[in-house]
Every structure is written in C-alpha cells, then in structure tokens.
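Undergrad: Just so it is clear, I am handing over upload28.pdb, which has PDB, C-alpha atoms, pLDDT in the B column.
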```pdb
ATOM      1  CA  MET A   1     -30.529  -6.178   1.763  1.00 51.00           C
ATOM      2  CA  VAL A   2     -27.137  -7.887   1.442  1.00 50.00           C
ATOM      3  CA  LYS A   3     -25.822  -5.025  -0.708  1.00 56.00           C
ATOM      4  CA  ARG A   4     -26.969  -2.494   1.870  1.00 54.00           C
ATOM      5  CA  ALA A   5     -25.292  -4.423   4.716  1.00 50.00           C
ATOM      6  CA  SER A   6     -22.100  -4.674   2.658  1.00 51.00           C
ATOM      7  CA  LEU A   7     -22.154  -0.947   1.966  1.00 48.00           C
ATOM      8  CA  ILE A   8     -22.678  -0.158   5.654  1.00 48.00           C
ATOM      9  CA  ALA A   9     -19.769  -2.430   6.622  1.00 49.00           C
ATOM     10  CA  LEU A  10     -17.554  -0.870   3.943  1.00 48.00           C
ATOM     11  CA  LEU A  11     -18.380   2.638   5.145  1.00 48.00           C
ATOM     12  CA  ALA A  12     -17.727   1.653   8.756  1.00 48.00           C
ATOM     13  CA  TRP A  13     -14.222   0.363   8.109  1.00 48.00           C
ATOM     14  CA  ALA A  14     -13.481   3.287   5.773  1.00 47.00           C
ATOM     15  CA  ALA A  15     -14.357   5.729   8.538  1.00 48.00           C
ATOM     16  CA  GLN A  16     -12.008   3.925  10.928  1.00 49.00           C
ATOM     17  CA  ALA A  17      -9.213   3.280   8.437  1.00 47.00           C
ATOM     18  CA  GLY A  18      -6.142   4.900   9.894  1.00 49.00           C
ATOM     19  CA  ALA A  19      -5.468   8.153  11.588  1.00 65.00           C
ATOM     20  CA  ALA A  20      -3.596  10.095   8.889  1.00 81.00           C
ATOM     21  CA  ASP A  21      -5.252  13.022   7.140  1.00 90.00           C
ATOM     22  CA  PHE A  22      -4.464  12.023   3.580  1.00 91.00           C
ATOM     23  CA  GLU A  23      -6.330  14.993   2.116  1.00 90.00           C
ATOM     24  CA  ALA A  24      -3.975  17.412   3.905  1.00 90.00           C
ATOM     25  CA  MET A  25      -0.769  15.809   2.626  1.00 93.00           C
ATOM     26  CA  ALA A  26       1.581  17.672   0.302  1.00 94.00           C
ATOM     27  CA  ARG A  27       2.317  16.427  -3.186  1.00 95.00           C
ATOM     28  CA  CYS A  28       6.019  15.593  -3.113  1.00 95.00           C
ATOM     29  CA  SER A  29       6.583  14.285  -6.627  1.00 95.00           C
ATOM     30  CA  THR A  30       4.844  13.421  -9.879  1.00 95.00           C
ATOM     31  CA  GLY A  31       5.630  11.197 -12.859  1.00 93.00           C
ATOM     32  CA  ASP A  32       4.010  10.117 -16.100  1.00 92.00           C
ATOM     33  CA  VAL A  33       2.262   6.743 -16.262  1.00 91.00           C
ATOM     34  CA  LYS A  34       2.755   5.017 -19.585  1.00 83.00           C
ATOM     35  CA  ALA A  35       1.315   1.795 -20.933  1.00 74.00           C
ATOM     36  CA  LEU A  36       3.701  -0.334 -22.961  1.00 65.00           C
ATOM     37  CA  LYS A  37       6.354   2.372 -22.272  1.00 65.00           C
ATOM     38  CA  PHE A  38       4.912   4.675 -24.952  1.00 66.00           C
ATOM     39  CA  PHE A  39       1.226   5.437 -24.433  1.00 76.00           C
ATOM     40  CA  ASP A  40       0.517   8.167 -21.915  1.00 81.00           C
ATOM     41  CA  VAL A  41      -2.350   7.032 -19.693  1.00 83.00           C
ATOM     42  CA  GLY A  42      -1.990   9.535 -16.859  1.00 91.00           C
ATOM     43  CA  GLN A  43       0.130  10.756 -13.982  1.00 96.00           C
ATOM     44  CA  ALA A  44       1.129   9.387 -10.605  1.00 96.00           C
ATOM     45  CA  SER A  45       1.864  11.519  -7.551  1.00 97.00           C
ATOM     46  CA  LEU A  46       3.376  10.723  -4.174  1.00 96.00           C
ATOM     47  CA  TYR A  47       1.869  12.584  -1.194  1.00 96.00           C
ATOM     48  CA  ARG A  48       3.379  12.825   2.281  1.00 94.00           C
ATOM     49  CA  GLN A  49       3.037  14.932   5.414  1.00 92.00           C
ATOM     50  CA  ASP A  50       6.738  15.791   5.075  1.00 91.00           C
ATOM     51  CA  CYS A  51       8.352  15.555   1.641  1.00 92.00           C
ATOM     52  CA  GLY A  52      11.812  15.734   3.198  1.00 89.00           C
ATOM     53  CA  THR A  53      11.463  12.557   5.249  1.00 87.00           C
ATOM     54  CA  ALA A  54      14.427  10.185   5.110  1.00 87.00           C
ATOM     55  CA  ASP A  55      12.286   7.268   3.891  1.00 89.00           C
ATOM     56  CA  PRO A  56       9.806   8.462   1.243  1.00 83.00           C
ATOM     57  CA  LEU A  57       7.940   5.120   1.427  1.00 88.00           C
ATOM     58  CA  ALA A  58       7.367   5.046   5.183  1.00 93.00           C
ATOM     59  CA  PRO A  59       3.722   5.454   6.206  1.00 95.00           C
ATOM     60  CA  PRO A  60       1.682   7.515   6.117  1.00 96.00           C
ATOM     61  CA  LEU A  61       1.688   8.215   2.399  1.00 96.00           C
ATOM     62  CA  ARG A  62      -0.680   8.426  -0.536  1.00 97.00           C
ATOM     63  CA  LEU A  63       0.086   7.252  -4.042  1.00 97.00           C
ATOM     64  CA  GLU A  64      -2.384   8.782  -6.490  1.00 97.00           C
ATOM     65  CA  PHE A  65      -2.958   7.929 -10.138  1.00 96.00           C
ATOM     66  CA  GLY A  66      -4.921  10.239 -12.412  1.00 95.00           C
ATOM     67  CA  TYR A  67      -6.017   8.707 -15.705  1.00 94.00           C
ATOM     68  CA  ASN A  68      -6.694  10.439 -19.013  1.00 91.00           C
ATOM     69  CA  ARG A  69      -8.136   7.417 -20.786  1.00 87.00           C
ATOM     70  CA  GLU A  70     -10.008   4.193 -20.189  1.00 88.00           C
ATOM     71  CA  VAL A  71      -8.056   1.377 -18.588  1.00 89.00           C
ATOM     72  CA  PRO A  72      -9.888  -1.918 -17.958  1.00 91.00           C
ATOM     73  CA  GLY A  73     -10.156  -2.959 -14.306  1.00 91.00           C
ATOM     74  CA  ASP A  74      -8.867  -6.440 -15.007  1.00 93.00           C
ATOM     75  CA  ALA A  75      -5.728  -4.908 -16.571  1.00 91.00           C
ATOM     76  CA  PHE A  76      -4.894  -3.293 -13.213  1.00 92.00           C
ATOM     77  CA  ALA A  77      -5.389  -6.580 -11.386  1.00 94.00           C
ATOM     78  CA  LYS A  78      -3.296  -8.601 -13.861  1.00 95.00           C
ATOM     79  CA  ALA A  79      -0.481  -6.043 -13.928  1.00 93.00           C
ATOM     80  CA  ALA A  80      -0.416  -5.765 -10.124  1.00 96.00           C
ATOM     81  CA  ARG A  81      -0.132  -9.517  -9.703  1.00 97.00           C
ATOM     82  CA  LYS A  82       2.569  -9.801 -12.364  1.00 96.00           C
ATOM     83  CA  MET A  83       4.653  -6.928 -10.955  1.00 96.00           C
ATOM     84  CA  ILE A  84       4.445  -8.148  -7.373  1.00 97.00           C
ATOM     85  CA  GLU A  85       5.364 -11.677  -8.398  1.00 97.00           C
ATOM     86  CA  ARG A  86       8.324 -10.276 -10.339  1.00 97.00           C
ATOM     87  CA  ASN A  87       9.595  -8.421  -7.268  1.00 97.00           C
ATOM     88  CA  LEU A  88       9.133 -11.035  -4.530  1.00 97.00           C
ATOM     89  CA  ASP A  89      10.696 -14.406  -3.937  1.00 97.00           C
ATOM     90  CA  GLU A  90       8.361 -17.317  -4.655  1.00 97.00           C
ATOM     91  CA  ALA A  91       7.656 -18.196  -1.008  1.00 97.00           C
ATOM     92  CA  ARG A  92       6.739 -14.623  -0.052  1.00 97.00           C
ATOM     93  CA  PHE A  93       4.590 -14.203  -3.160  1.00 98.00           C
ATOM     94  CA  GLN A  94       2.701 -17.457  -2.532  1.00 98.00           C
ATOM     95  CA  ALA A  95       2.132 -16.501   1.109  1.00 97.00           C
ATOM     96  CA  LEU A  96       0.572 -13.171   0.065  1.00 97.00           C
ATOM     97  CA  LEU A  97      -1.280 -14.447  -3.012  1.00 97.00           C
ATOM     98  CA  PRO A  98      -4.736 -14.978  -1.431  1.00 97.00           C
ATOM     99  CA  ARG A  99      -4.672 -11.460   0.028  1.00 97.00           C
ATOM    100  CA  LEU A 100      -3.415  -9.986  -3.258  1.00 97.00           C
ATOM    101  CA  GLU A 101      -6.153 -11.708  -5.249  1.00 97.00           C
ATOM    102  CA  ALA A 102      -8.833 -10.510  -2.811  1.00 97.00           C
ATOM    103  CA  PHE A 103      -7.529  -6.921  -2.931  1.00 98.00           C
ATOM    104  CA  ASN A 104      -7.063  -6.854  -6.722  1.00 97.00           C
ATOM    105  CA  GLN A 105     -10.595  -8.064  -7.479  1.00 96.00           C
ATOM    106  CA  HIS A 106     -11.880  -4.598  -6.535  1.00 97.00           C
ATOM    107  CA  TYR A 107     -10.268  -2.693  -9.406  1.00 96.00           C
ATOM    108  CA  ARG A 108     -12.705  -1.062 -11.810  1.00 96.00           C
ATOM    109  CA  THR A 109     -12.332   0.312 -15.312  1.00 95.00           C
ATOM    110  CA  THR A 110     -11.167   3.924 -15.344  1.00 93.00           C
ATOM    111  CA  ARG A 111     -12.380   6.704 -17.580  1.00 93.00           C
ATOM    112  CA  ASP A 112     -10.794  10.051 -18.447  1.00 94.00           C
ATOM    113  CA  GLY A 113     -10.488  12.069 -15.233  1.00 95.00           C
ATOM    114  CA  ASP A 114     -10.715   9.132 -12.791  1.00 96.00           C
ATOM    115  CA  ARG A 115      -8.318   8.919  -9.843  1.00 96.00           C
ATOM    116  CA  TYR A 116      -7.140   5.850  -7.984  1.00 97.00           C
ATOM    117  CA  THR A 117      -5.444   6.346  -4.621  1.00 97.00           C
ATOM    118  CA  LEU A 118      -3.551   3.957  -2.399  1.00 97.00           C
ATOM    119  CA  ASP A 119      -3.407   5.238   1.178  1.00 97.00           C
ATOM    120  CA  TYR A 120      -0.822   3.585   3.427  1.00 97.00           C
ATOM    121  CA  ASP A 121      -1.350   4.456   7.086  1.00 96.00           C
ATOM    122  CA  THR A 122       0.847   4.046  10.154  1.00 94.00           C
ATOM    123  CA  ASP A 123      -1.304   1.129  11.356  1.00 94.00           C
ATOM    124  CA  GLY A 124      -0.115  -0.822   8.299  1.00 93.00           C
ATOM    125  CA  SER A 125      -3.415  -0.579   6.427  1.00 95.00           C
ATOM    126  CA  LEU A 126      -3.522  -0.070   2.677  1.00 97.00           C
ATOM    127  CA  VAL A 127      -6.755   1.341   1.250  1.00 97.00           C
ATOM    128  CA  LEU A 128      -7.607   1.448  -2.461  1.00 97.00           C
ATOM    129  CA  ARG A 129     -10.019   4.194  -3.544  1.00 97.00           C
ATOM    130  CA  LEU A 130     -11.468   5.225  -6.880  1.00 97.00           C
ATOM    131  CA  ASN A 131     -12.521   8.869  -6.988  1.00 97.00           C
ATOM    132  CA  GLY A 132     -12.574   8.873  -3.186  1.00 95.00           C
ATOM    133  CA  GLU A 133     -14.776   5.779  -2.865  1.00 96.00           C
ATOM    134  CA  PRO A 134     -13.123   3.032  -0.795  1.00 96.00           C
ATOM    135  CA  LEU A 135     -12.957  -0.226  -2.742  1.00 97.00           C
ATOM    136  CA  ALA A 136     -10.555  -2.452  -0.811  1.00 97.00           C
ATOM    137  CA  ARG A 137      -8.586  -2.482   2.419  1.00 97.00           C
ATOM    138  CA  GLU A 138      -5.868  -4.796   3.652  1.00 97.00           C
ATOM    139  CA  LYS A 139      -3.907  -4.598   6.886  1.00 95.00           C
ATOM    140  CA  GLY A 140      -0.313  -5.565   7.322  1.00 94.00           C
ATOM    141  CA  ARG A 141       2.963  -3.877   6.550  1.00 94.00           C
ATOM    142  CA  ASP A 142       4.053  -7.036   4.727  1.00 95.00           C
ATOM    143  CA  PHE A 143       1.168  -6.619   2.319  1.00 97.00           C
ATOM    144  CA  ALA A 144       1.630  -2.869   1.779  1.00 96.00           C
ATOM    145  CA  GLN A 145       5.372  -3.160   1.282  1.00 95.00           C
ATOM    146  CA  ALA A 146       4.877  -5.977  -1.212  1.00 97.00           C
ATOM    147  CA  TYR A 147       2.212  -3.966  -3.032  1.00 97.00           C
ATOM    148  CA  PHE A 148       4.479  -0.944  -3.378  1.00 97.00           C
ATOM    149  CA  THR A 149       7.093  -3.081  -5.151  1.00 97.00           C
ATOM    150  CA  ILE A 150       4.900  -2.573  -8.217  1.00 96.00           C
ATOM    151  CA  TRP A 151       6.278   0.965  -8.481  1.00 96.00           C
ATOM    152  CA  PHE A 152       9.278   0.955  -6.148  1.00 96.00           C
ATOM    153  CA  GLY A 153      10.703  -2.577  -6.260  1.00 96.00           C
ATOM    154  CA  ASP A 154      13.962  -3.693  -7.840  1.00 96.00           C
ATOM    155  CA  ARG A 155      12.021  -4.458 -11.042  1.00 96.00           C
ATOM    156  CA  PRO A 156       9.263  -1.792 -11.048  1.00 95.00           C
ATOM    157  CA  TYR A 157       6.519  -1.142 -13.554  1.00 93.00           C
ATOM    158  CA  SER A 158       8.631   1.739 -14.878  1.00 93.00           C
ATOM    159  CA  ASP A 159      12.141   2.790 -13.907  1.00 94.00           C
ATOM    160  CA  ASP A 160      11.376   6.346 -15.065  1.00 93.00           C
ATOM    161  CA  LEU A 161       8.225   6.546 -12.940  1.00 95.00           C
ATOM    162  CA  LYS A 162      10.062   5.122  -9.915  1.00 95.00           C
ATOM    163  CA  GLU A 163      12.801   7.715 -10.284  1.00 95.00           C
ATOM    164  CA  ALA A 164      10.326  10.574 -10.721  1.00 95.00           C
ATOM    165  CA  LEU A 165       8.264   9.575  -7.681  1.00 95.00           C
ATOM    166  CA  LEU A 166      11.288   9.063  -5.432  1.00 93.00           C
ATOM    167  CA  ASN A 167      12.687  12.460  -6.435  1.00 89.00           C
ATOM    168  CA  THR A 168      10.945  14.279  -3.574  1.00 73.00           C
ATOM    169  CA  GLY A 169      13.404  17.170  -3.452  1.00 61.00           C
ATOM    170  CA  ARG A 170      15.188  15.952  -0.326  1.00 52.00           C
TER     171      ARG A 170
END
```
Take the structure in the file and write it out as structure tokens.
TA:
Amino acid sequence: MVKRASLIALLAWAAQAGAADFEAMARCSTGDVKALKFFDVGQASLYRQDCGTADPLAPPLRLEFGYNREVPGDAFAKAARKMIERNLDEARFQALLPRLEAFNQHYRTTRDGDRYTLDYDTDGSLVLRLNGEPLAREKGRDFAQAYFTIWFGDRPYSDDLKEALLNTGR
C-alpha cells in the first residue's frame, strides 16, 4: 500500500513538473562521455527550444545521457557529489548537501541502451529520469545551477565534454 501511494505521489508531481515540452526540444549539441578519460560509456546531448539562445544553460533545457554499457547507480551518486563539491565553495556545498544526497540516492545502474535525462524547467525544477521514468525532482535554481557544475563548472567532469555541449552552433 505504501509503495502504491508513493507511486501515485510520484506520478502526480511528474505530471505537474514544469511547463516546457522537453520532448519537442531540438538537440543542440552532443559529446562523448568517457570514464577515466579513456573508456567510452556513452554520449551526452544538450536539448533546447532555441539552440541559438545567448545562454545555453538557461532553462528550459534537457541534458540527456545515453549509455552503451553498465554503470553502477552508486557511481553516479558518488561522482555527482564529488564534482559538485569540487565546483562550489564549502559553505554553498554544505548548504546544498542534504538536497544533493536526497536527489542522488535515486540513481540506478544503467545497462546498454539506457538514457538518463535531467530536465531543467523555467520554474527552477530539476527532474531526473531514467528511460522516461521520473526518479527524483528538486526545486530551486540554486540547486539546478549547482548540479550543472558537474558538466559546466570551472572544474567539470570533462573539459572536452563541456566544450562539445556548449558548442551549440551559435
């Protein structure tokens, strides 16, 4: 009964999450995702309503990751925490830490062909989905902007991936 109530609540907030039509967005850029800088694990793509916008990270946007191999769910959570901590000052990181931990606990192990998406809407919400299924949602531009430092911060996961994704053809 508790699982059913949780599922109903999750579906309710997913249906209300933002106003952007993420499925209709154009793919603006794509880059390779590598583990340990050498092992190809998939591709990332940045989607926007307008690829020529002045700020490619302003909402609404979708960041999509397609995987061609298994990646453990806890690896996503650990890497996300490490990358965010690396890109924020200590006070900001500590202030966001409870929300980051709650969001990151929803990552699952990927298999070949799986797709994670992060949808950032104009209301400041950030929604994590795996193969279209909503897993986590957090509101607040502070949270979303901190989360995107993983890929777009001063010390991103990969400089090459950052450059590829920000090259939207403007």
Undergrad: Have a look at CA of Arg141 in chain A and CA of Tyr120 in chain A and let me know their distance in Å, one decimal.
TA: 8.9 Å
Undergrad: Any chance you could resolve the PyMOL selection byres ((chain A and resi 28) around 12) against this file and give the residues as a tab-separated table (two decimals) with C-alpha atoms, in the frame of the given file?
TA:
```tsv
chain	number	residue	atom	x	y	z
A	25	MET	CA	-0.77	15.81	2.63
A	26	ALA	CA	1.58	17.67	0.30
A	27	ARG	CA	2.32	16.43	-3.19
A	29	SER	CA	6.58	14.28	-6.63
A	30	THR	CA	4.84	13.42	-9.88
A	31	GLY	CA	5.63	11.20	-12.86
A	44	ALA	CA	1.13	9.39	-10.60
A	45	SER	CA	1.86	11.52	-7.55
A	46	LEU	CA	3.38	10.72	-4.17
A	47	TYR	CA	1.87	12.58	-1.19
A	48	ARG	CA	3.38	12.82	2.28
A	49	GLN	CA	3.04	14.93	5.41
A	50	ASP	CA	6.74	15.79	5.08
A	51	CYS	CA	8.35	15.56	1.64
A	52	GLY	CA	11.81	15.73	3.20
A	53	THR	CA	11.46	12.56	5.25
A	56	PRO	CA	9.81	8.46	1.24
A	57	LEU	CA	7.94	5.12	1.43
A	61	LEU	CA	1.69	8.22	2.40
A	62	ARG	CA	-0.68	8.43	-0.54
A	63	LEU	CA	0.09	7.25	-4.04
A	64	GLU	CA	-2.38	8.78	-6.49
A	164	ALA	CA	10.33	10.57	-10.72
A	165	LEU	CA	8.26	9.57	-7.68
A	166	LEU	CA	11.29	9.06	-5.43
A	167	ASN	CA	12.69	12.46	-6.44
A	168	THR	CA	10.94	14.28	-3.57
A	169	GLY	CA	13.40	17.17	-3.45
A	170	ARG	CA	15.19	15.95	-0.33
```
Undergrad: Identify which of the residues A:Trp151, A:Phe143, A:Phe65, A:Phe39 lies closest to Phe103 in chain A, counting only C-alpha atoms when measuring atom-to-atom distances.
TA: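 The closest residue to Phe103 in chain A is A:Phe143.
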Undergrad: For a test of reading the model, state the distance in Å between CA of Arg108 in chain A and CA of Arg92 in chain A, rounded to one decimal.
TA: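 So the answer is 26.5 Å.
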Undergrad: For Asp121 in chain A, which of A:Ala58, A:Leu100, A:Ala80, A:Ala35 is the closest residue, counting only C-alpha atoms?
TA: A:Ala58
Undergrad: Please measure the separation of CA of Lys82 in chain A and CA of Val33 in chain A, giving the value in Å to one decimal.
TA: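 Separation between CA of Lys82 in chain A and CA of Val33 in chain A: 17.0 Å.
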Undergrad: When distances are computed from only C-alpha atoms, which of A:Asp32, A:Glu138, A:Asp21, A:Asp154 shows the smallest separation from Arg99 in chain A?
TA: A:Glu138
Undergrad: Smallest atom-to-atom distance to Asn104 in chain A: which of A:Ala54, A:Leu126, A:Ala136, A:Ala146, using all atoms listed in the file?
TA: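 Selected residue with least distance to Asn104 in chain A: A:Ala136.
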Undergrad: Name the residues in contact with Ser125 in chain A at a cut-off of 8 Å, using all atoms listed in the file, excluding same-chain residues fewer than 2 positions from it; report them as a ChimeraX atom specification.
TA: /A:17-18,119-123,127,137-141,144
Undergrad: How would the residues just chosen look if you wrote them out with C-alpha atoms as a PDB file, keeping the file's coordinate frame?
TA:
```
ATOM      1  CA  ALA A  17      -9.213   3.280   8.437  1.00 47.00           C
ATOM      2  CA  GLY A  18      -6.142   4.900   9.894  1.00 49.00           C
ATOM      3  CA  ASP A 119      -3.407   5.238   1.178  1.00 97.00           C
ATOM      4  CA  TYR A 120      -0.822   3.585   3.427  1.00 97.00           C
ATOM      5  CA  ASP A 121      -1.350   4.456   7.086  1.00 96.00           C
ATOM      6  CA  THR A 122       0.847   4.046  10.154  1.00 94.00           C
ATOM      7  CA  ASP A 123      -1.304   1.129  11.356  1.00 94.00           C
ATOM      8  CA  VAL A 127      -6.755   1.341   1.250  1.00 97.00           C
ATOM      9  CA  ARG A 137      -8.586  -2.482   2.419  1.00 97.00           C
ATOM     10  CA  GLU A 138      -5.868  -4.796   3.652  1.00 97.00           C
ATOM     11  CA  LYS A 139      -3.907  -4.598   6.886  1.00 95.00           C
ATOM     12  CA  GLY A 140      -0.313  -5.565   7.322  1.00 94.00           C
ATOM     13  CA  ARG A 141       2.963  -3.877   6.550  1.00 94.00           C
ATOM     14  CA  ALA A 144       1.630  -2.869   1.779  1.00 96.00           C
TER      15      ALA A 144
END
```
Undergrad: Looking at all atoms listed in the file, which of A:Leu135, A:Leu118, A:Ile84, A:Ala95 is the one that sits closest to Gly66 in chain A?
TA: A:Leu118
Undergrad: Of the candidates A:Asp74, A:Asp114, A:Asp142, A:Asp55, which shows the shortest atom-to-atom distance to Arg129 in chain A, using only C-alpha atoms?
TA: A:Asp114
Undergrad: Keeping N, CA and C atoms (and nothing else), can you write range 62-96 of chain A of this structure as a PDB file, in the first residue's frame?
TA:
```pdb
ATOM      1  N   ARG A  62      17.209  20.354 -21.571  1.00  0.00           N
ATOM      2  CA  ARG A  62      17.337  18.939 -21.220  1.00  0.00           C
ATOM      3  C   ARG A  62      18.779  18.539 -21.485  1.00  0.00           C
ATOM      4  N   LEU A  63      19.351  17.842 -20.523  1.00  0.00           N
ATOM      5  CA  LEU A  63      20.657  17.219 -20.692  1.00  0.00           C
ATOM      6  C   LEU A  63      20.400  15.721 -20.670  1.00  0.00           C
ATOM      7  N   GLU A  64      20.756  15.053 -21.762  1.00  0.00           N
ATOM      8  CA  GLU A  64      20.460  13.623 -21.905  1.00  0.00           C
ATOM      9  C   GLU A  64      21.759  12.831 -22.032  1.00  0.00           C
ATOM     10  N   PHE A  65      21.782  11.698 -21.361  1.00  0.00           N
ATOM     11  CA  PHE A  65      22.940  10.803 -21.398  1.00  0.00           C
ATOM     12  C   PHE A  65      22.484   9.428 -21.870  1.00  0.00           C
ATOM     13  N   GLY A  66      23.026   8.972 -22.971  1.00  0.00           N
ATOM     14  CA  GLY A  66      22.753   7.627 -23.459  1.00  0.00           C
ATOM     15  C   GLY A  66      23.958   6.747 -23.169  1.00  0.00           C
ATOM     16  N   TYR A  67      23.713   5.592 -22.567  1.00  0.00           N
ATOM     17  CA  TYR A  67      24.806   4.725 -22.133  1.00  0.00           C
ATOM     18  C   TYR A  67      24.890   3.469 -22.991  1.00  0.00           C
ATOM     19  N   ASN A  68      26.118   3.046 -23.268  1.00  0.00           N
ATOM     20  CA  ASN A  68      26.339   1.836 -24.057  1.00  0.00           C
ATOM     21  C   ASN A  68      26.977   0.725 -23.227  1.00  0.00           C
ATOM     22  N   ARG A  69      26.916   0.879 -21.929  1.00  0.00           N
ATOM     23  CA  ARG A  69      27.433  -0.158 -21.026  1.00  0.00           C
ATOM     24  C   ARG A  69      26.853   0.047 -19.636  1.00  0.00           C
ATOM     25  N   GLU A  70      27.077  -0.928 -18.787  1.00  0.00           N
ATOM     26  CA  GLU A  70      26.584  -0.839 -17.411  1.00  0.00           C
ATOM     27  C   GLU A  70      27.430   0.140 -16.610  1.00  0.00           C
ATOM     28  N   VAL A  71      26.727   0.997 -15.885  1.00  0.00           N
ATOM     29  CA  VAL A  71      27.374   1.915 -14.943  1.00  0.00           C
ATOM     30  C   VAL A  71      26.586   1.804 -13.640  1.00  0.00           C
ATOM     31  N   PRO A  72      27.259   1.450 -12.536  1.00  0.00           N
ATOM     32  CA  PRO A  72      26.544   1.291 -11.264  1.00  0.00           C
ATOM     33  C   PRO A  72      25.897   2.595 -10.796  1.00  0.00           C
ATOM     34  N   GLY A  73      24.702   2.506 -10.240  1.00  0.00           N
ATOM     35  CA  GLY A  73      23.983   3.666  -9.748  1.00  0.00           C
ATOM     36  C   GLY A  73      24.748   4.440  -8.695  1.00  0.00           C
ATOM     37  N   ASP A  74      25.434   3.723  -7.808  1.00  0.00           N
ATOM     38  CA  ASP A  74      26.175   4.431  -6.768  1.00  0.00           C
ATOM     39  C   ASP A  74      27.358   5.202  -7.339  1.00  0.00           C
ATOM     40  N   ALA A  75      27.865   4.787  -8.515  1.00  0.00           N
ATOM     41  CA  ALA A  75      28.956   5.525  -9.159  1.00  0.00           C
ATOM     42  C   ALA A  75      28.475   6.904  -9.608  1.00  0.00           C
ATOM     43  N   PHE A  76      27.236   6.978 -10.114  1.00  0.00           N
ATOM     44  CA  PHE A  76      26.667   8.273 -10.497  1.00  0.00           C
ATOM     45  C   PHE A  76      26.570   9.182  -9.273  1.00  0.00           C
ATOM     46  N   ALA A  77      26.033   8.646  -8.197  1.00  0.00           N
ATOM     47  CA  ALA A  77      25.831   9.437  -6.984  1.00  0.00           C
ATOM     48  C   ALA A  77      27.164   9.938  -6.422  1.00  0.00           C
ATOM     49  N   LYS A  78      28.160   9.065  -6.349  1.00  0.00           N
ATOM     50  CA  LYS A  78      29.468   9.458  -5.816  1.00  0.00           C
ATOM     51  C   LYS A  78      30.135  10.506  -6.698  1.00  0.00           C
ATOM     52  N   ALA A  79      30.084  10.296  -8.020  1.00  0.00           N
ATOM     53  CA  ALA A  79      30.705  11.243  -8.939  1.00  0.00           C
ATOM     54  C   ALA A  79      30.003  12.596  -8.886  1.00  0.00           C
ATOM     55  N   ALA A  80      28.674  12.590  -8.811  1.00  0.00           N
ATOM     56  CA  ALA A  80      27.925  13.849  -8.755  1.00  0.00           C
ATOM     57  C   ALA A  80      28.327  14.641  -7.513  1.00  0.00           C
ATOM     58  N   ARG A  81      28.352  13.974  -6.392  1.00  0.00           N
ATOM     59  CA  ARG A  81      28.723  14.667  -5.145  1.00  0.00           C
ATOM     60  C   ARG A  81      30.136  15.239  -5.245  1.00  0.00           C
ATOM     61  N   LYS A  82      31.066  14.430  -5.714  1.00  0.00           N
ATOM     62  CA  LYS A  82      32.461  14.854  -5.816  1.00  0.00           C
ATOM     63  C   LYS A  82      32.610  16.053  -6.755  1.00  0.00           C
ATOM     64  N   MET A  83      31.947  16.010  -7.909  1.00  0.00           N
ATOM     65  CA  MET A  83      32.081  17.082  -8.895  1.00  0.00           C
ATOM     66  C   MET A  83      31.434  18.374  -8.409  1.00  0.00           C
ATOM     67  N   ILE A  84      30.313  18.263  -7.752  1.00  0.00           N
ATOM     68  CA  ILE A  84      29.653  19.467  -7.229  1.00  0.00           C
ATOM     69  C   ILE A  84      30.499  20.083  -6.119  1.00  0.00           C
ATOM     70  N   GLU A  85      31.007  19.238  -5.241  1.00  0.00           N
ATOM     71  CA  GLU A  85      31.853  19.747  -4.157  1.00  0.00           C
ATOM     72  C   GLU A  85      33.090  20.445  -4.718  1.00  0.00           C
ATOM     73  N   ARG A  86      33.633  19.909  -5.783  1.00  0.00           N
ATOM     74  CA  ARG A  86      34.823  20.466  -6.426  1.00  0.00           C
ATOM     75  C   ARG A  86      34.563  21.835  -7.059  1.00  0.00           C
ATOM     76  N   ASN A  87      33.306  22.088  -7.421  1.00  0.00           N
ATOM     77  CA  ASN A  87      32.966  23.317  -8.132  1.00  0.00           C
ATOM     78  C   ASN A  87      32.303  24.397  -7.281  1.00  0.00           C
ATOM     79  N   LEU A  88      31.977  24.090  -6.037  1.00  0.00           N
ATOM     80  CA  LEU A  88      31.326  25.065  -5.165  1.00  0.00           C
ATOM     81  C   LEU A  88      32.228  25.407  -3.993  1.00  0.00           C
ATOM     82  N   ASP A  89      32.011  26.596  -3.434  1.00  0.00           N
ATOM     83  CA  ASP A  89      32.732  26.899  -2.195  1.00  0.00           C
ATOM     84  C   ASP A  89      32.123  26.046  -1.082  1.00  0.00           C
ATOM     85  N   GLU A  90      32.855  25.879  -0.015  1.00  0.00           N
ATOM     86  CA  GLU A  90      32.458  24.961   1.063  1.00  0.00           C
ATOM     87  C   GLU A  90      31.101  25.309   1.664  1.00  0.00           C
ATOM     88  N   ALA A  91      30.850  26.589   1.903  1.00  0.00           N
ATOM     89  CA  ALA A  91      29.579  26.999   2.521  1.00  0.00           C
ATOM     90  C   ALA A  91      28.393  26.669   1.613  1.00  0.00           C
ATOM     91  N   ARG A  92      28.519  26.957   0.339  1.00  0.00           N
ATOM     92  CA  ARG A  92      27.420  26.670  -0.603  1.00  0.00           C
ATOM     93  C   ARG A  92      27.206  25.166  -0.722  1.00  0.00           C
ATOM     94  N   PHE A  93      28.298  24.411  -0.797  1.00  0.00           N
ATOM     95  CA  PHE A  93      28.181  22.957  -0.897  1.00  0.00           C
ATOM     96  C   PHE A  93      27.486  22.387   0.344  1.00  0.00           C
ATOM     97  N   GLN A  94      27.899  22.803   1.520  1.00  0.00           N
ATOM     98  CA  GLN A  94      27.306  22.288   2.755  1.00  0.00           C
ATOM     99  C   GLN A  94      25.822  22.653   2.851  1.00  0.00           C
ATOM    100  N   ALA A  95      25.473  23.839   2.382  1.00  0.00           N
ATOM    101  CA  ALA A  95      24.069  24.261   2.409  1.00  0.00           C
ATOM    102  C   ALA A  95      23.197  23.390   1.500  1.00  0.00           C
ATOM    103  N   LEU A  96      23.754  22.948   0.390  1.00  0.00           N
ATOM    104  CA  LEU A  96      23.003  22.128  -0.577  1.00  0.00           C
ATOM    105  C   LEU A  96      23.109  20.626  -0.310  1.00  0.00           C
TER     106      LEU A  96
END
```
